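Enquirer: Encoded as structure tokens, here's the structure I'll be asking about.
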Amino acid sequence: MKNLTAVQISRFIISFTWLYHGLFPKIIHISPLEQRMTASFGFNAEISMLITRAAGVGEIIFAVLFFIFYRSILINIVNILLLIGLILFVAFLQPALLIEAFNPVTTNLALIAFSTVLIIELKNSETSNK
């Protein structure tokens, strides 16, 4: 535990969160809420399930990419943009979720903060290496 830096903690938390949210509510046990959000586009139940599972696969792929390339400022910016996009997606499709317990606002803001820590640390290490 002594060797865990803010960078490593941020890396693990961000990667784990994307992996967990891709695997459990979208692949292993499709959350009715996830399916309801895709169905709100007008898709039938079968297509909604496929879209939900595809989103889960995408989130798992992003988790692995983030875990590997966490030192890239670009992937951290992509992470921040995706998280903002997901908040907007929920605000558009299911705005009531934004005031529920454990809502996407609180989760995504925390992950955005972790990416901000990574970006600051990466810029600081670039400056100290010059």
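Each chain of the structure tokens is named A, B, ... in the order shown, its residues numbered from 1; ligands are numbered from 1 in display order.
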For the helix (DSSP H, G or I) assignment from backbone DSSP, which residues of segment 35-73 of chain A qualify? Please present them as a PyMOL selection string.

Expert: chain A and resi 35-39+45-69+73

Enquirer: For Glu126 of chain A, work out the shell of residues within 12 Å, counting only C-alpha atoms and skipping chain neighbours fewer than 4 positions away, then give it as a VMD selection string.

Expert: chain A and resid 71 to 73 119 to 122 130

Enquirer: For the residues in the current selection, export N, CA and C atoms as a PDB file, in the first residue's frame.

Expert:
```pdb
ATOM      1  N   ARG A  71      -1.287   7.028 -18.739  1.00  0.00           N
ATOM      2  CA  ARG A  71      -0.317   8.127 -18.751  1.00  0.00           C
ATOM      3  C   ARG A  71      -0.522   9.079 -19.934  1.00  0.00           C
ATOM      4  N   SER A  72      -1.481   8.771 -20.767  1.00  0.00           N
ATOM      5  CA  SER A  72      -1.779   9.624 -21.911  1.00  0.00           C
ATOM      6  C   SER A  72      -2.782  10.710 -21.498  1.00  0.00           C
ATOM      7  N   ILE A  73      -2.410  11.946 -21.749  1.00  0.00           N
ATOM      8  CA  ILE A  73      -3.339  13.044 -21.471  1.00  0.00           C
ATOM      9  C   ILE A  73      -4.566  12.898 -22.362  1.00  0.00           C
ATOM     10  N   ILE A 119      -4.054  14.114 -15.078  1.00  0.00           N
ATOM     11  CA  ILE A 119      -3.546  15.125 -16.020  1.00  0.00           C
ATOM     12  C   ILE A 119      -2.560  16.056 -15.321  1.00  0.00           C
ATOM     13  N   ILE A 120      -2.909  16.519 -14.127  1.00  0.00           N
ATOM     14  CA  ILE A 120      -2.012  17.407 -13.374  1.00  0.00           C
ATOM     15  C   ILE A 120      -0.695  16.705 -13.068  1.00  0.00           C
ATOM     16  N   GLU A 121      -0.790  15.454 -12.592  1.00  0.00           N
ATOM     17  CA  GLU A 121       0.429  14.700 -12.274  1.00  0.00           C
ATOM     18  C   GLU A 121       1.281  14.450 -13.519  1.00  0.00           C
ATOM     19  N   LEU A 122       0.629  14.147 -14.634  1.00  0.00           N
ATOM     20  CA  LEU A 122       1.380  13.914 -15.876  1.00  0.00           C
ATOM     21  C   LEU A 122       2.080  15.192 -16.337  1.00  0.00           C
ATOM     22  N   LYS A 130      12.116  17.891 -17.627  1.00  0.00           N
ATOM     23  CA  LYS A 130      12.795  18.790 -18.584  1.00  0.00           C
ATOM     24  C   LYS A 130      14.012  19.407 -17.969  1.00  0.00           C
TER      25      LYS A 130
END
```

Enquirer: So which one's closest to Asn79 of chain A, A:Ala54, A:Met37, A:Ile14, A:Ile60? Using only C-alpha atoms, please.

Expert: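 Selected residue with least distance to Asn79 of chain A: A:Ile14.
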
Enquirer: So the first atom is atom CA of Glu46 of chain A and the second is atom CA of Glu100 of chain A; what is the distance between them in Å, to one decimal place?

Expert: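 Between atom CA of Glu46 of chain A and atom CA of Glu100 of chain A the gap works out to 27.3 Å.
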
Enquirer: Can you tell me, as a VMD selection string, what residues are no more than 7 Å from Phe67 of chain A when counting only C-alpha atoms, ignoring any on the same chain fewer than 4 positions away?

Expert: chain A and resid 11 15 63

Enquirer: How would the residues just picked look written out with N, CA and C atoms as a PDB file, in the first residue's frame?

Expert:
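Saved file again_21.pdb follows:
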```pdb
ATOM      1  N   ARG A  11      -5.729   5.639 -11.547  1.00  0.00           N
ATOM      2  CA  ARG A  11      -5.733   4.649 -12.632  1.00  0.00           C
ATOM      3  C   ARG A  11      -6.637   3.471 -12.295  1.00  0.00           C
ATOM      4  N   SER A  15     -10.325   2.739 -14.134  1.00  0.00           N
ATOM      5  CA  SER A  15     -10.405   1.485 -14.898  1.00  0.00           C
ATOM      6  C   SER A  15     -11.434   0.539 -14.306  1.00  0.00           C
ATOM      7  N   ALA A  63     -12.077   0.394 -20.402  1.00  0.00           N
ATOM      8  CA  ALA A  63     -11.418   0.142 -19.112  1.00  0.00           C
ATOM      9  C   ALA A  63     -10.021  -0.417 -19.323  1.00  0.00           C
TER      10      ALA A  63
END
```

Enquirer: Neighbouring residues of Leu109 of chain A were defined as those with any atom within 9 Å, considering only C-alpha atoms; residues of the same chain fewer than 5 positions away were excluded. Please report them as a PyMOL selection string.

Expert: chain A and resi 80+83-84+104+114

Enquirer: Could those selected residues go to a file with all heavy atoms, as an mmCIF file, in the first residue's frame?

Expert:
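Contents of out.cif, as written:
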```
data_model
loop_
_atom_site.group_PDB
_atom_site.id
_atom_site.type_symbol
_atom_site.label_atom_id
_atom_site.label_comp_id
_atom_site.auth_asym_id
_atom_site.auth_seq_id
_atom_site.Cartn_x
_atom_site.Cartn_y
_atom_site.Cartn_z
ATOM 1 N N ILE A 80 -12.900 12.169 -19.642
ATOM 2 C CA ILE A 80 -13.695 13.301 -19.144
ATOM 3 C C ILE A 80 -14.849 13.600 -20.097
ATOM 4 O O ILE A 80 -15.991 13.783 -19.665
ATOM 5 C CB ILE A 80 -12.794 14.536 -18.925
ATOM 6 C CG1 ILE A 80 -11.856 14.295 -17.736
ATOM 7 C CG2 ILE A 80 -13.636 15.798 -18.718
ATOM 8 C CD1 ILE A 80 -10.741 15.318 -17.586
ATOM 9 N N LEU A 83 -17.557 10.914 -19.863
ATOM 10 C CA LEU A 83 -18.325 11.030 -18.622
ATOM 11 C C LEU A 83 -19.304 12.203 -18.673
ATOM 12 O O LEU A 83 -20.441 12.086 -18.215
ATOM 13 C CB LEU A 83 -17.379 11.152 -17.427
ATOM 14 C CG LEU A 83 -16.563 9.879 -17.140
ATOM 15 C CD1 LEU A 83 -15.429 10.178 -16.179
ATOM 16 C CD2 LEU A 83 -17.451 8.769 -16.616
ATOM 17 N N ILE A 84 -18.875 13.314 -19.243
ATOM 18 C CA ILE A 84 -19.787 14.449 -19.429
ATOM 19 C C ILE A 84 -20.902 14.050 -20.390
ATOM 20 O O ILE A 84 -22.077 14.339 -20.154
ATOM 21 C CB ILE A 84 -19.027 15.693 -19.921
ATOM 22 C CG1 ILE A 84 -18.110 16.232 -18.818
ATOM 23 C CG2 ILE A 84 -20.001 16.783 -20.390
ATOM 24 C CD1 ILE A 84 -17.124 17.287 -19.283
ATOM 25 N N PRO A 104 -25.588 9.345 -11.611
ATOM 26 C CA PRO A 104 -24.439 9.515 -12.496
ATOM 27 C C PRO A 104 -23.676 10.817 -12.276
ATOM 28 O O PRO A 104 -22.491 10.888 -12.600
ATOM 29 C CB PRO A 104 -25.042 9.477 -13.898
ATOM 30 C CG PRO A 104 -26.497 9.409 -13.748
ATOM 31 C CD PRO A 104 -26.835 9.201 -12.324
ATOM 32 N N PHE A 114 -10.652 12.297 -10.722
ATOM 33 C CA PHE A 114 -9.499 11.399 -10.805
ATOM 34 C C PHE A 114 -8.715 11.619 -12.096
ATOM 35 O O PHE A 114 -7.484 11.600 -12.092
ATOM 36 C CB PHE A 114 -9.927 9.928 -10.687
ATOM 37 C CG PHE A 114 -10.171 9.475 -9.278
ATOM 38 C CD1 PHE A 114 -11.397 8.965 -8.902
ATOM 39 C CD2 PHE A 114 -9.172 9.532 -8.326
ATOM 40 C CE1 PHE A 114 -11.630 8.530 -7.602
ATOM 41 C CE2 PHE A 114 -9.383 9.096 -7.025
ATOM 42 C CZ PHE A 114 -10.620 8.600 -6.664
#
```

Enquirer: Which residue is closest to Lys123 of chain A? Choose from A:Val7, A:Gln35, A:Phe102, A:Ile27 and count only C-alpha atoms.

Expert: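 For Lys123 of chain A, the nearest of the candidates is A:Val7.
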
Enquirer: Report, in Å with one decimal, the straight-line distance from atom CA of Gly22 of chain A to atom CA of Arg53 of chain A.

Expert: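 Calculated distance between atom CA of Gly22 of chain A and atom CA of Arg53 of chain A is 8.1 Å.
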
Enquirer: Any idea what's packed within 7 Å of Ser48 of chain A, counting only C-alpha atoms, ignoring anything in its chain fewer than 5 positions away? Could you give it as a list in words?

Expert: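 Those residues are Gln35, Thr38, Ala39 and Phe43 of chain A.
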
Enquirer: Could you turn the residues from that selection into a file that holds N, CA and C atoms, as a CSV table (one decimal), in the first residue's frame?

Expert:
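Saved the output as out07.csv:
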```
chain,number,residue,atom,x,y,z
A,35,GLN,N,-31.7,-0.9,-19.9
A,35,GLN,CA,-32.5,-1.3,-21.1
A,35,GLN,C,-33.6,-0.3,-21.3
A,38,THR,N,-32.1,2.7,-23.4
A,38,THR,CA,-31.9,2.5,-24.8
A,38,THR,C,-33.3,2.3,-25.5
A,39,ALA,N,-34.2,1.7,-24.8
A,39,ALA,CA,-35.6,1.6,-25.3
A,39,ALA,C,-36.3,2.9,-25.5
A,43,PHE,N,-36.4,1.6,-29.6
A,43,PHE,CA,-36.0,0.3,-30.0
A,43,PHE,C,-36.8,-0.7,-29.3
```

Enquirer: What's the 10 Å shell around Val90 of chain A, counting only C-alpha atoms, without same-chain residues fewer than 4 positions away, as a PyMOL selection string?

Expert: chain A and resi 37+85-86+94-98+103-105

Enquirer: With only C-alpha atoms as the atoms that count, which of A:Ser115, A:Thr17, A:Thr127, A:Thr5 lies nearest to Asn76 of chain A?

Expert: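 Result for the nearest residue to Asn76 of chain A: A:Ser115.
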
Enquirer: Mind pulling up the distance from atom CA of Leu88 of chain A to atom CA of Pro32 of chain A?

Expert: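 Interatomic distance here is 19.6 Å.
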
Enquirer: Ranking A:Leu111, A:Ile87, A:Leu82, A:Leu93 by minimum distance to Glu59 of chain A and counting only C-alpha atoms, which one comes first?

Expert: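 The closest residue to Glu59 of chain A is A:Leu82.
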